[in-house]
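As stored in work-v1.cif (mmCIF, C-alpha atoms):
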```cif
data_query
loop_
_atom_site.group_PDB
_atom_site.id
_atom_site.type_symbol
_atom_site.label_atom_id
_atom_site.label_comp_id
_atom_site.auth_asym_id
_atom_site.auth_seq_id
_atom_site.Cartn_x
_atom_site.Cartn_y
_atom_site.Cartn_z
ATOM 1 C CA MET D 1 -3.266 3.735 11.763
ATOM 2 C CA HIS D 2 -4.263 0.909 9.476
ATOM 3 C CA HIS D 3 -6.558 -2.055 9.035
ATOM 4 C CA PHE D 4 -6.044 -4.930 6.580
ATOM 5 C CA SER D 5 -8.606 -7.313 5.105
ATOM 6 C CA TYR D 6 -8.250 -10.026 2.476
ATOM 7 C CA ASP D 7 -10.895 -10.869 -0.135
ATOM 8 C CA ALA D 8 -10.302 -14.414 -1.430
ATOM 9 C CA ASP D 9 -12.677 -13.926 -4.383
ATOM 10 C CA THR D 10 -10.639 -11.063 -5.852
ATOM 11 C CA ARG D 11 -7.325 -12.144 -4.271
ATOM 12 C CA THR D 12 -6.959 -8.620 -2.934
ATOM 13 C CA LEU D 13 -5.428 -7.477 0.314
ATOM 14 C CA THR D 14 -6.894 -4.075 1.140
ATOM 15 C CA GLY D 15 -5.246 -1.770 3.617
ATOM 16 C CA ARG D 16 -7.352 1.060 4.945
ATOM 17 C CA LEU D 17 -5.030 3.778 6.196
ATOM 18 C CA TYR D 18 -5.998 6.593 8.553
ATOM 19 C CA GLY D 19 -4.630 9.919 9.767
ATOM 20 C CA ARG D 20 -1.030 11.046 9.537
ATOM 21 C CA LEU D 21 1.451 8.605 8.065
ATOM 22 C CA ASP D 22 4.469 10.126 9.744
ATOM 23 C CA THR D 23 7.724 8.232 10.284
ATOM 24 C CA ALA D 24 6.523 6.418 13.412
ATOM 25 C CA ALA D 25 3.210 5.423 11.830
ATOM 26 C CA CYS D 26 5.049 4.235 8.712
ATOM 27 C CA GLN D 27 7.297 1.993 10.797
ATOM 28 C CA GLU D 28 4.219 0.302 12.263
ATOM 29 C CA LEU D 29 2.566 0.134 8.835
ATOM 30 C CA ALA D 30 5.667 -1.373 7.206
ATOM 31 C CA ALA D 31 5.862 -4.126 9.828
ATOM 32 C CA ALA D 32 2.145 -4.915 9.596
ATOM 33 C CA LEU D 33 2.142 -4.905 5.794
ATOM 34 C CA ALA D 34 5.235 -7.122 5.640
ATOM 35 C CA ALA D 35 3.589 -9.624 7.993
ATOM 36 C CA GLU D 36 0.354 -9.663 5.973
ATOM 37 C CA LEU D 37 2.179 -10.125 2.674
ATOM 38 C CA GLN D 38 4.464 -12.801 4.099
ATOM 39 C CA THR D 39 1.483 -14.796 5.357
ATOM 40 C CA LEU D 40 -0.370 -14.556 2.035
ATOM 41 C CA GLN D 41 2.693 -15.182 -0.107
ATOM 42 C CA ALA D 42 3.678 -18.254 1.916
ATOM 43 C CA ASN D 43 0.496 -20.005 0.782
ATOM 44 C CA PRO D 44 0.402 -20.893 -2.953
ATOM 45 C CA ALA D 45 -3.393 -20.579 -2.946
ATOM 46 C CA THR D 46 -3.272 -16.939 -1.848
ATOM 47 C CA ASN D 47 0.039 -15.914 -3.441
ATOM 48 C CA GLU D 48 -0.935 -16.486 -7.070
ATOM 49 C CA GLY D 49 -2.432 -13.301 -8.494
ATOM 50 C CA LEU D 50 -2.222 -11.460 -5.172
ATOM 51 C CA HIS D 51 -3.225 -7.791 -5.392
ATOM 52 C CA LEU D 52 -2.690 -5.034 -2.838
ATOM 53 C CA THR D 53 -4.837 -1.921 -2.600
ATOM 54 C CA LEU D 54 -4.092 0.849 -0.125
ATOM 55 C CA ASP D 55 -7.139 3.025 0.547
ATOM 56 C CA MET D 56 -5.960 6.525 1.443
ATOM 57 C CA ALA D 57 -9.401 8.143 1.855
ATOM 58 C CA GLU D 58 -8.713 9.126 5.455
ATOM 59 C CA VAL D 59 -5.000 9.918 5.212
ATOM 60 C CA THR D 60 -4.083 13.530 5.923
ATOM 61 C CA PHE D 61 -0.276 13.423 5.613
ATOM 62 C CA ILE D 62 2.446 11.155 4.245
ATOM 63 C CA ALA D 63 6.119 11.192 5.192
ATOM 64 C CA SER D 64 8.881 10.096 2.841
ATOM 65 C CA ALA D 65 8.920 6.786 4.719
ATOM 66 C CA PHE D 66 5.605 5.975 3.046
ATOM 67 C CA PHE D 67 7.263 6.228 -0.384
ATOM 68 C CA ARG D 68 9.821 3.649 0.771
ATOM 69 C CA ILE D 69 6.986 1.329 1.815
ATOM 70 C CA CYS D 70 5.446 1.662 -1.646
ATOM 71 C CA MET D 71 8.717 0.942 -3.446
ATOM 72 C CA SER D 72 9.427 -2.024 -1.185
ATOM 73 C CA THR D 73 5.963 -3.362 -1.972
ATOM 74 C CA VAL D 74 6.519 -3.072 -5.717
ATOM 75 C CA ARG D 75 9.577 -5.310 -5.283
ATOM 76 C CA LYS D 76 7.352 -7.981 -3.696
ATOM 77 C CA LEU D 77 4.378 -7.758 -6.083
ATOM 78 C CA PRO D 78 4.074 -6.930 -9.760
ATOM 79 C CA ALA D 79 3.478 -3.178 -10.095
ATOM 80 C CA GLU D 80 0.183 -3.823 -11.900
ATOM 81 C CA ASN D 81 -1.041 -5.676 -8.783
ATOM 82 C CA PHE D 82 -0.476 -2.675 -6.489
ATOM 83 C CA ALA D 83 -2.772 0.336 -6.329
ATOM 84 C CA ILE D 84 -3.300 3.347 -4.114
ATOM 85 C CA ILE D 85 -6.890 4.570 -4.156
ATOM 86 C CA ASN D 86 -8.961 7.460 -2.811
ATOM 87 C CA SER D 87 -5.938 9.757 -2.449
ATOM 88 C CA SER D 88 -6.388 13.444 -1.857
ATOM 89 C CA ASP D 89 -5.079 15.844 -4.489
ATOM 90 C CA ASP D 90 -2.177 16.743 -2.149
ATOM 91 C CA ILE D 91 -1.127 13.105 -1.827
ATOM 92 C CA LYS D 92 -1.387 12.567 -5.584
ATOM 93 C CA ARG D 93 0.749 15.673 -6.071
ATOM 94 C CA ALA D 94 3.367 14.338 -3.622
ATOM 95 C CA PHE D 95 3.662 11.089 -5.607
ATOM 96 C CA LYS D 96 3.965 13.087 -8.812
ATOM 97 C CA LEU D 97 6.685 15.330 -7.331
ATOM 98 C CA VAL D 98 8.877 12.360 -6.449
ATOM 99 C CA GLU D 99 7.993 10.717 -9.782
ATOM 100 C CA LEU D 100 6.504 7.582 -8.254
ATOM 101 C CA ASP D 101 3.203 7.975 -10.080
ATOM 102 C CA TYR D 102 4.731 5.973 -12.960
ATOM 103 C CA PHE D 103 5.409 2.838 -10.915
ATOM 104 C CA PHE D 104 1.869 1.924 -9.822
ATOM 105 C CA LYS D 105 -1.741 3.085 -9.985
ATOM 106 C CA ILE D 106 -2.643 6.099 -7.874
ATOM 107 C CA SER D 107 -6.153 7.506 -7.783
#
```
As structure tokens, what does this structure read like?
Amino acid sequence: MHHFSYDADTRTLTGRLYGRLDTAACQELAAALAAELQTLQANPATNEGLHLTLDMAEVTFIASAFFRICMSTVRKLPAENFAIINSSDDIKRAFKLVELDYFFKIS
């Protein structure tokens, strides 16, 4: 599950993610995230300096499909404008194992 909100002051789209991000949940997340980014990037006022933060505080599991979402996102935004926050130690370890912790901020 997921919920997105945009803060115009900080130009940040925040996605709050919940539960298990298995393959089916990642398919829904990928579609929703793509739609949100497309809408914001279509408008010059919201595209310039756009940041994305994914809050993982309530995520209990990630499938490999989630890594694909992250890499796809880095192709659409500068890596320094993408962050994953509030990750559990297990999720941080998963990113480290697949060596994606070098591409964007994970905390």
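If you count all atoms listed in the file and ignore residues fewer than 3 places along the chain from Ala8 of chain D, what sits within 10 Å of it is Ser5, Arg11, Thr12, Leu13, Ala45, Thr46 and Leu50 of chain D.
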Find the residues with any atom within 8 Å of (-5.4, 7.2, 3.2); use all atoms listed in the file and the coordinates as given in the file, and write the answer as a compact mmCIF listing (two decimals) with C-alpha atoms, in the frame of the given file.
```txt
# COMPACT_ATOMS: atom_id res chain seq x y z
CA ARG D 16 -7.35 1.06 4.94
CA LEU D 17 -5.03 3.78 6.20
CA TYR D 18 -6.00 6.59 8.55
CA GLY D 19 -4.63 9.92 9.77
CA LEU D 54 -4.09 0.85 -0.12
CA ASP D 55 -7.14 3.02 0.55
CA MET D 56 -5.96 6.52 1.44
CA ALA D 57 -9.40 8.14 1.86
CA GLU D 58 -8.71 9.13 5.46
CA VAL D 59 -5.00 9.92 5.21
CA THR D 60 -4.08 13.53 5.92
CA ILE D 85 -6.89 4.57 -4.16
CA ASN D 86 -8.96 7.46 -2.81
CA SER D 87 -5.94 9.76 -2.45
```
Problem set entry | Atom pair atom CA of Lys105 of chain D / atom CA of Ser88 of chain D: separation (Å) |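 The value is 14.0 Å.
The nearest approach to Ala34 of chain D among the residues D:Ile106, D:Ile91, D:Ile69, D:Ile84, with all atoms listed in the file taken into account, belongs to D:Ile69.
Comparing D:Ala63, D:Phe103, D:Lys96, D:Tyr6 by their smallest distance to Thr39 of chain D, the closest is D:Tyr6 (using only C-alpha atoms).
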For this session: Evaluate the PyMOL selection byres ((chain D and resi 80) around 12) on the structure here and hand back the selected residues as a count of residues only.
Result: 21
For this session: Just say which residues the PyMOL selection byres ((chain D and resi 21-30) around 6) picks in this file, as a ChimeraX atom specification.
Result: /D:20,31-34,61-63,65-66
Exercise. What does the distance between atom CA of Asp90 of chain D and atom CA of Ser72 of chain D come to in Å, to one decimal place?
Worked result: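 Distance between the two atoms: 22.1 Å.
Taking atom CA of Ala35 of chain D as the reference point, atom CA of Phe4 of chain D is found at 10.8 Å.
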Problem set entry | Of the listed residues D:His2, D:Phe95, D:Glu36, D:Gly15, that which approaches Arg68 of chain D most closely, counting only C-alpha atoms | D:Phe95
Give me the box for segment 63-68 of chain D as lines of an AutoDock Vina configuration file, namely the centre and edge lengths in Å to one decimal of a box along x, y and z that holds every listed atom plus 6 Å on each side.
```
center_x = 7.7
center_y = 7.4
center_z = 2.4
size_x = 16.2
size_y = 19.5
size_z = 17.6
```
Exercise. Could you name the residues that touch Glu99 of chain D at 12 Å or less, counting all atoms listed in the file, but leaving out those on the same chain fewer than 6 positions away, as a PyMOL selection string?
Worked result: chain D and resi 67+71+92-93+106
Problem set entry | Residue nearest Leu100 of chain D - candidates D:Ala42, D:Asn47, D:Cys70, D:Leu37, atoms counted: all atoms listed in the file | D:Cys70
Mind completing segment 75-90 of chain D with N, CA and C atoms? Output as a PDB file, in the coordinates of the input, please?
```pdb
ATOM      1  N   ARG D  75       8.563  -4.258  -5.116  1.00  0.00           N
ATOM      2  CA  ARG D  75       9.577  -5.310  -5.283  1.00  0.00           C
ATOM      3  C   ARG D  75       9.014  -6.689  -4.927  1.00  0.00           C
ATOM      4  N   LYS D  76       7.943  -6.716  -4.137  1.00  0.00           N
ATOM      5  CA  LYS D  76       7.352  -7.981  -3.696  1.00  0.00           C
ATOM      6  C   LYS D  76       6.175  -8.423  -4.559  1.00  0.00           C
ATOM      7  N   LEU D  77       5.546  -7.485  -5.228  1.00  0.00           N
ATOM      8  CA  LEU D  77       4.378  -7.758  -6.083  1.00  0.00           C
ATOM      9  C   LEU D  77       4.602  -7.107  -7.442  1.00  0.00           C
ATOM     10  N   PRO D  78       4.013  -7.646  -8.477  1.00  0.00           N
ATOM     11  CA  PRO D  78       4.074  -6.930  -9.760  1.00  0.00           C
ATOM     12  C   PRO D  78       3.413  -5.551  -9.609  1.00  0.00           C
ATOM     13  N   ALA D  79       3.996  -4.543 -10.222  1.00  0.00           N
ATOM     14  CA  ALA D  79       3.478  -3.178 -10.095  1.00  0.00           C
ATOM     15  C   ALA D  79       2.011  -3.088 -10.475  1.00  0.00           C
ATOM     16  N   GLU D  80       1.592  -3.883 -11.473  1.00  0.00           N
ATOM     17  CA  GLU D  80       0.183  -3.823 -11.900  1.00  0.00           C
ATOM     18  C   GLU D  80      -0.759  -4.432 -10.860  1.00  0.00           C
ATOM     19  N   ASN D  81      -0.220  -5.092  -9.846  1.00  0.00           N
ATOM     20  CA  ASN D  81      -1.041  -5.676  -8.783  1.00  0.00           C
ATOM     21  C   ASN D  81      -1.071  -4.798  -7.532  1.00  0.00           C
ATOM     22  N   PHE D  82      -0.536  -3.597  -7.625  1.00  0.00           N
ATOM     23  CA  PHE D  82      -0.476  -2.675  -6.489  1.00  0.00           C
ATOM     24  C   PHE D  82      -1.150  -1.373  -6.880  1.00  0.00           C
ATOM     25  N   ALA D  83      -2.074  -0.918  -6.045  1.00  0.00           N
ATOM     26  CA  ALA D  83      -2.772   0.336  -6.329  1.00  0.00           C
ATOM     27  C   ALA D  83      -2.989   1.124  -5.043  1.00  0.00           C
ATOM     28  N   ILE D  84      -2.960   2.430  -5.197  1.00  0.00           N
ATOM     29  CA  ILE D  84      -3.300   3.347  -4.114  1.00  0.00           C
ATOM     30  C   ILE D  84      -4.561   4.058  -4.572  1.00  0.00           C
ATOM     31  N   ILE D  85      -5.604   4.001  -3.746  1.00  0.00           N
ATOM     32  CA  ILE D  85      -6.890   4.570  -4.156  1.00  0.00           C
ATOM     33  C   ILE D  85      -7.367   5.634  -3.163  1.00  0.00           C
ATOM     34  N   ASN D  86      -8.301   6.433  -3.619  1.00  0.00           N
ATOM     35  CA  ASN D  86      -8.961   7.460  -2.811  1.00  0.00           C
ATOM     36  C   ASN D  86      -7.986   8.451  -2.191  1.00  0.00           C
ATOM     37  N   SER D  87      -6.929   8.791  -2.932  1.00  0.00           N
ATOM     38  CA  SER D  87      -5.938   9.757  -2.449  1.00  0.00           C
ATOM     39  C   SER D  87      -6.441  11.176  -2.629  1.00  0.00           C
ATOM     40  N   SER D  88      -6.072  12.019  -1.707  1.00  0.00           N
ATOM     41  CA  SER D  88      -6.388  13.444  -1.857  1.00  0.00           C
ATOM     42  C   SER D  88      -5.512  14.024  -2.964  1.00  0.00           C
ATOM     43  N   ASP D  89      -5.876  15.184  -3.454  1.00  0.00           N
ATOM     44  CA  ASP D  89      -5.079  15.844  -4.489  1.00  0.00           C
ATOM     45  C   ASP D  89      -3.659  16.114  -3.986  1.00  0.00           C
ATOM     46  N   ASP D  90      -3.507  16.474  -2.710  1.00  0.00           N
ATOM     47  CA  ASP D  90      -2.177  16.743  -2.149  1.00  0.00           C
ATOM     48  C   ASP D  90      -1.312  15.485  -2.156  1.00  0.00           C
TER      49      ASP D  90
END
```
